[in-house]
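Undergrad: This is the content of query38.cif (mmCIF, N, CA, C and O atoms):
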```cif
data_data
#
loop_
_atom_site.label_atom_id
_atom_site.label_comp_id
_atom_site.auth_asym_id
_atom_site.auth_seq_id
_atom_site.Cartn_x
_atom_site.Cartn_y
_atom_site.Cartn_z
N MET E 1 -18.30 -17.26 -55.15
CA MET E 1 -18.83 -16.86 -53.85
C MET E 1 -18.06 -17.52 -52.71
O MET E 1 -17.82 -16.90 -51.70
N GLU E 2 -17.68 -18.77 -52.88
CA GLU E 2 -16.99 -19.51 -51.81
C GLU E 2 -15.66 -18.86 -51.42
O GLU E 2 -15.38 -18.76 -50.22
N PRO E 3 -14.82 -18.40 -52.34
CA PRO E 3 -13.57 -17.76 -51.92
C PRO E 3 -13.80 -16.50 -51.11
O PRO E 3 -13.05 -16.20 -50.17
N ARG E 4 -14.85 -15.76 -51.42
CA ARG E 4 -15.15 -14.53 -50.67
C ARG E 4 -15.58 -14.86 -49.24
O ARG E 4 -15.22 -14.17 -48.30
N VAL E 5 -16.35 -15.94 -49.10
CA VAL E 5 -16.78 -16.37 -47.77
C VAL E 5 -15.56 -16.81 -46.95
O VAL E 5 -15.42 -16.46 -45.77
N THR E 6 -14.68 -17.55 -47.57
CA THR E 6 -13.47 -17.99 -46.89
C THR E 6 -12.61 -16.80 -46.48
O THR E 6 -12.08 -16.75 -45.37
N GLU E 7 -12.52 -15.81 -47.38
CA GLU E 7 -11.74 -14.61 -47.05
C GLU E 7 -12.37 -13.85 -45.89
O GLU E 7 -11.67 -13.38 -44.98
N LEU E 8 -13.69 -13.73 -45.87
CA LEU E 8 -14.37 -13.07 -44.76
C LEU E 8 -14.16 -13.82 -43.45
O LEU E 8 -13.95 -13.21 -42.39
N GLU E 9 -14.23 -15.15 -43.50
CA GLU E 9 -13.99 -15.94 -42.29
C GLU E 9 -12.58 -15.71 -41.77
O GLU E 9 -12.36 -15.61 -40.56
N THR E 10 -11.63 -15.62 -42.68
CA THR E 10 -10.24 -15.37 -42.29
C THR E 10 -10.11 -14.01 -41.63
O THR E 10 -9.48 -13.86 -40.58
N HIS E 11 -10.75 -12.99 -42.22
CA HIS E 11 -10.71 -11.65 -41.64
C HIS E 11 -11.35 -11.63 -40.25
O HIS E 11 -10.83 -10.99 -39.32
N LEU E 12 -12.47 -12.32 -40.12
CA LEU E 12 -13.13 -12.38 -38.81
C LEU E 12 -12.25 -13.07 -37.78
O LEU E 12 -12.21 -12.65 -36.61
N LYS E 13 -11.54 -14.10 -38.20
CA LYS E 13 -10.64 -14.79 -37.28
C LYS E 13 -9.55 -13.83 -36.79
O LYS E 13 -9.25 -13.77 -35.60
N TYR E 14 -8.99 -13.05 -37.71
CA TYR E 14 -7.96 -12.08 -37.32
C TYR E 14 -8.52 -10.98 -36.44
O TYR E 14 -7.87 -10.54 -35.49
N ILE E 15 -9.73 -10.55 -36.74
CA ILE E 15 -10.37 -9.51 -35.91
C ILE E 15 -10.59 -10.04 -34.51
O ILE E 15 -10.33 -9.34 -33.52
N ARG E 16 -11.07 -11.27 -34.38
CA ARG E 16 -11.27 -11.86 -33.05
C ARG E 16 -9.96 -11.98 -32.29
O ARG E 16 -9.89 -11.69 -31.09
N ARG E 17 -8.90 -12.40 -32.98
CA ARG E 17 -7.59 -12.51 -32.34
C ARG E 17 -7.11 -11.14 -31.85
O ARG E 17 -6.64 -11.00 -30.72
N ASP E 18 -7.27 -10.13 -32.71
CA ASP E 18 -6.86 -8.78 -32.33
C ASP E 18 -7.68 -8.25 -31.15
O ASP E 18 -7.15 -7.59 -30.25
N MET E 19 -8.98 -8.54 -31.15
CA MET E 19 -9.83 -8.09 -30.04
C MET E 19 -9.43 -8.79 -28.74
O MET E 19 -9.46 -8.16 -27.67
N ASP E 20 -9.06 -10.05 -28.81
CA ASP E 20 -8.58 -10.75 -27.61
C ASP E 20 -7.31 -10.10 -27.09
O ASP E 20 -7.12 -9.95 -25.87
N GLU E 21 -6.42 -9.70 -27.99
CA GLU E 21 -5.19 -9.02 -27.57
C GLU E 21 -5.51 -7.68 -26.93
O GLU E 21 -4.91 -7.32 -25.91
N VAL E 22 -6.47 -6.95 -27.50
CA VAL E 22 -6.85 -5.66 -26.93
C VAL E 22 -7.45 -5.86 -25.54
O VAL E 22 -7.13 -5.11 -24.61
N ARG E 23 -8.30 -6.88 -25.38
CA ARG E 23 -8.88 -7.15 -24.06
C ARG E 23 -7.78 -7.46 -23.04
O ARG E 23 -7.83 -7.01 -21.89
N GLY E 24 -6.81 -8.23 -23.45
CA GLY E 24 -5.69 -8.54 -22.55
C GLY E 24 -4.90 -7.30 -22.20
O GLY E 24 -4.50 -7.11 -21.04
N ASP E 25 -4.67 -6.43 -23.18
CA ASP E 25 -3.95 -5.19 -22.92
C ASP E 25 -4.72 -4.29 -21.96
O ASP E 25 -4.14 -3.68 -21.05
N VAL E 26 -6.03 -4.19 -22.16
CA VAL E 26 -6.87 -3.37 -21.27
C VAL E 26 -6.83 -3.93 -19.86
O VAL E 26 -6.72 -3.18 -18.88
N ARG E 27 -6.90 -5.24 -19.73
CA ARG E 27 -6.84 -5.88 -18.41
C ARG E 27 -5.51 -5.57 -17.73
O ARG E 27 -5.46 -5.25 -16.54
N THR E 28 -4.41 -5.63 -18.50
CA THR E 28 -3.09 -5.32 -17.95
C THR E 28 -3.02 -3.86 -17.50
O THR E 28 -2.49 -3.56 -16.43
N ILE E 29 -3.56 -2.97 -18.30
CA ILE E 29 -3.55 -1.54 -17.95
C ILE E 29 -4.36 -1.31 -16.68
O ILE E 29 -3.94 -0.56 -15.80
N LYS E 30 -5.52 -1.95 -16.57
CA LYS E 30 -6.34 -1.81 -15.36
C LYS E 30 -5.58 -2.27 -14.12
O LYS E 30 -5.60 -1.61 -13.08
N HIS E 31 -4.89 -3.41 -14.23
CA HIS E 31 -4.13 -3.92 -13.09
C HIS E 31 -3.01 -2.96 -12.72
O HIS E 31 -2.77 -2.68 -11.54
N ARG E 32 -2.30 -2.44 -13.72
CA ARG E 32 -1.21 -1.51 -13.44
C ARG E 32 -1.72 -0.23 -12.79
O ARG E 32 -1.09 0.31 -11.87
N LEU E 33 -2.87 0.26 -13.25
CA LEU E 33 -3.45 1.46 -12.64
C LEU E 33 -3.87 1.19 -11.19
O LEU E 33 -3.68 2.03 -10.31
N ALA E 34 -4.42 0.01 -10.95
CA ALA E 34 -4.82 -0.33 -9.59
C ALA E 34 -3.61 -0.42 -8.67
O ALA E 34 -3.63 0.11 -7.55
N TYR E 35 -2.54 -1.05 -9.14
CA TYR E 35 -1.32 -1.13 -8.33
C TYR E 35 -0.72 0.25 -8.10
O TYR E 35 -0.27 0.57 -6.99
N ALA E 36 -0.73 1.09 -9.13
CA ALA E 36 -0.18 2.45 -8.99
C ALA E 36 -1.01 3.25 -8.00
O ALA E 36 -0.46 3.99 -7.17
N ALA E 37 -2.33 3.12 -8.05
CA ALA E 37 -3.19 3.84 -7.10
C ALA E 37 -2.95 3.34 -5.68
O ALA E 37 -2.88 4.14 -4.74
N GLY E 38 -2.81 2.05 -5.52
CA GLY E 38 -2.53 1.50 -4.19
C GLY E 38 -1.18 1.96 -3.66
O GLY E 38 -1.05 2.35 -2.49
N ALA E 39 -0.17 1.95 -4.52
CA ALA E 39 1.16 2.40 -4.10
C ALA E 39 1.14 3.88 -3.76
O ALA E 39 1.76 4.31 -2.78
N THR E 40 0.40 4.67 -4.53
CA THR E 40 0.29 6.10 -4.24
C THR E 40 -0.39 6.33 -2.90
O THR E 40 0.04 7.19 -2.12
N ALA E 41 -1.43 5.57 -2.62
CA ALA E 41 -2.12 5.71 -1.34
C ALA E 41 -1.19 5.35 -0.18
O ALA E 41 -1.18 6.05 0.85
N VAL E 42 -0.39 4.30 -0.34
CA VAL E 42 0.54 3.92 0.72
C VAL E 42 1.60 5.00 0.93
O VAL E 42 1.90 5.38 2.07
N VAL E 43 2.15 5.52 -0.16
CA VAL E 43 3.17 6.56 -0.05
C VAL E 43 2.58 7.81 0.59
O VAL E 43 3.21 8.42 1.47
N MET E 44 1.38 8.20 0.17
CA MET E 44 0.75 9.39 0.77
C MET E 44 0.48 9.17 2.25
O MET E 44 0.65 10.08 3.06
N GLY E 45 0.05 7.97 2.60
CA GLY E 45 -0.19 7.66 4.01
C GLY E 45 1.10 7.74 4.82
O GLY E 45 1.11 8.31 5.93
N LEU E 46 2.18 7.20 4.28
CA LEU E 46 3.46 7.28 4.98
C LEU E 46 3.94 8.72 5.12
O LEU E 46 4.42 9.12 6.19
N LEU E 47 3.80 9.49 4.06
CA LEU E 47 4.20 10.90 4.13
C LEU E 47 3.36 11.67 5.15
O LEU E 47 3.89 12.49 5.90
N GLY E 48 2.07 11.39 5.18
CA GLY E 48 1.20 12.02 6.18
C GLY E 48 1.58 11.63 7.59
O GLY E 48 1.61 12.47 8.49
N TRP E 49 1.90 10.35 7.77
CA TRP E 49 2.29 9.88 9.10
C TRP E 49 3.60 10.53 9.54
O TRP E 49 3.74 10.96 10.69
N ILE E 50 4.56 10.60 8.62
CA ILE E 50 5.84 11.23 8.94
C ILE E 50 5.64 12.72 9.26
O ILE E 50 6.19 13.23 10.24
N ALA E 51 4.85 13.41 8.45
CA ALA E 51 4.60 14.84 8.70
C ALA E 51 3.90 15.02 10.04
O ALA E 51 4.25 15.94 10.80
N ASN E 52 2.94 14.17 10.35
CA ASN E 52 2.24 14.28 11.63
C ASN E 52 3.18 14.02 12.79
O ASN E 52 3.15 14.72 13.80
N SER E 53 4.04 13.02 12.66
CA SER E 53 4.95 12.72 13.75
C SER E 53 5.96 13.84 13.93
O SER E 53 6.31 14.20 15.06
N ARG E 54 6.43 14.46 12.86
CA ARG E 54 7.36 15.61 12.97
C ARG E 54 6.65 16.82 13.56
O ARG E 54 7.24 17.58 14.32
N PHE E 55 5.38 17.01 13.19
CA PHE E 55 4.62 18.14 13.72
C PHE E 55 4.49 18.01 15.24
O PHE E 55 4.67 19.00 15.97
N ASP E 56 4.23 16.81 15.71
CA ASP E 56 4.13 16.59 17.15
C ASP E 56 5.46 16.89 17.84
O ASP E 56 5.50 17.46 18.94
N GLN E 57 6.57 16.54 17.19
CA GLN E 57 7.89 16.81 17.78
C GLN E 57 8.14 18.31 17.85
O GLN E 57 8.68 18.81 18.86
N ILE E 58 7.78 19.04 16.83
CA ILE E 58 7.98 20.50 16.84
C ILE E 58 7.14 21.15 17.93
O ILE E 58 7.64 22.03 18.66
N ILE E 59 5.90 20.74 18.06
CA ILE E 59 5.04 21.30 19.10
C ILE E 59 5.59 20.97 20.48
O ILE E 59 5.63 21.85 21.37
N SER E 60 6.08 19.75 20.66
CA SER E 60 6.60 19.39 21.98
C SER E 60 7.89 20.15 22.28
O SER E 60 8.16 20.51 23.42
N LEU E 61 8.72 20.42 21.27
CA LEU E 61 9.93 21.23 21.49
C LEU E 61 9.58 22.67 21.84
O LEU E 61 10.24 23.29 22.68
N MET E 62 8.57 23.20 21.21
CA MET E 62 8.16 24.58 21.49
C MET E 62 7.52 24.70 22.88
O MET E 62 7.62 25.75 23.51
N ALA E 63 6.90 23.64 23.34
CA ALA E 63 6.20 23.67 24.63
C ALA E 63 7.19 23.60 25.80
O ALA E 63 6.91 24.05 26.90
N HIS E 64 8.37 23.05 25.55
CA HIS E 64 9.34 22.89 26.66
C HIS E 64 10.18 24.07 26.78
O HIS E 64 10.79 24.80 26.45
#
```
Reformat the file's structure so that it appears as structure tokens.
TA:
Amino acid sequence: MEPRVTELETHLKYIRRDMDEVRGDVRTIKHRLAYAAGATAVVMGLLGWIANSRFDQIISLMAH
């Protein structure tokens, strides 16, 4: 019985280690997604600002 208990403890240790690695990977993925979403928002904001500024220039050229 004792060798089986030792083997189970070993398996549990490996499972815990693997779960810690998975948690770390999930945390890394969450951070990367957050950075990507923030970068996308900044790029979209810049593109919107550029489009708006060009639109104002076109309207002002047509008005003159």
Undergrad: Tell me, in Å to one decimal, how far atom N of E:Ala63 is from atom O of E:Val43.
TA: 26.9 Å
Undergrad: Between atom O of E:Arg4 and atom C of E:Asp20, what is the distance in Å, rounded to a tenth?
TA: 23.0 Å
Undergrad: One decimal, Å: what's the distance from atom CA of E:Leu61 over to atom CA of E:Gly45, could you say?
TA: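 Interatomic distance here is 24.3 Å.
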Undergrad: Quick one: what's the axis-aligned box for stretch 42-60 of chain E, all listed atoms, 3 Å on every side, centre and edges in Å to one decimal, as lines of an AutoDock Vina configuration file?
TA:
```
center_x = 4.1
center_y = 13.0
center_z = 11.5
size_x = 15.1
size_y = 24.1
size_z = 29.8
```
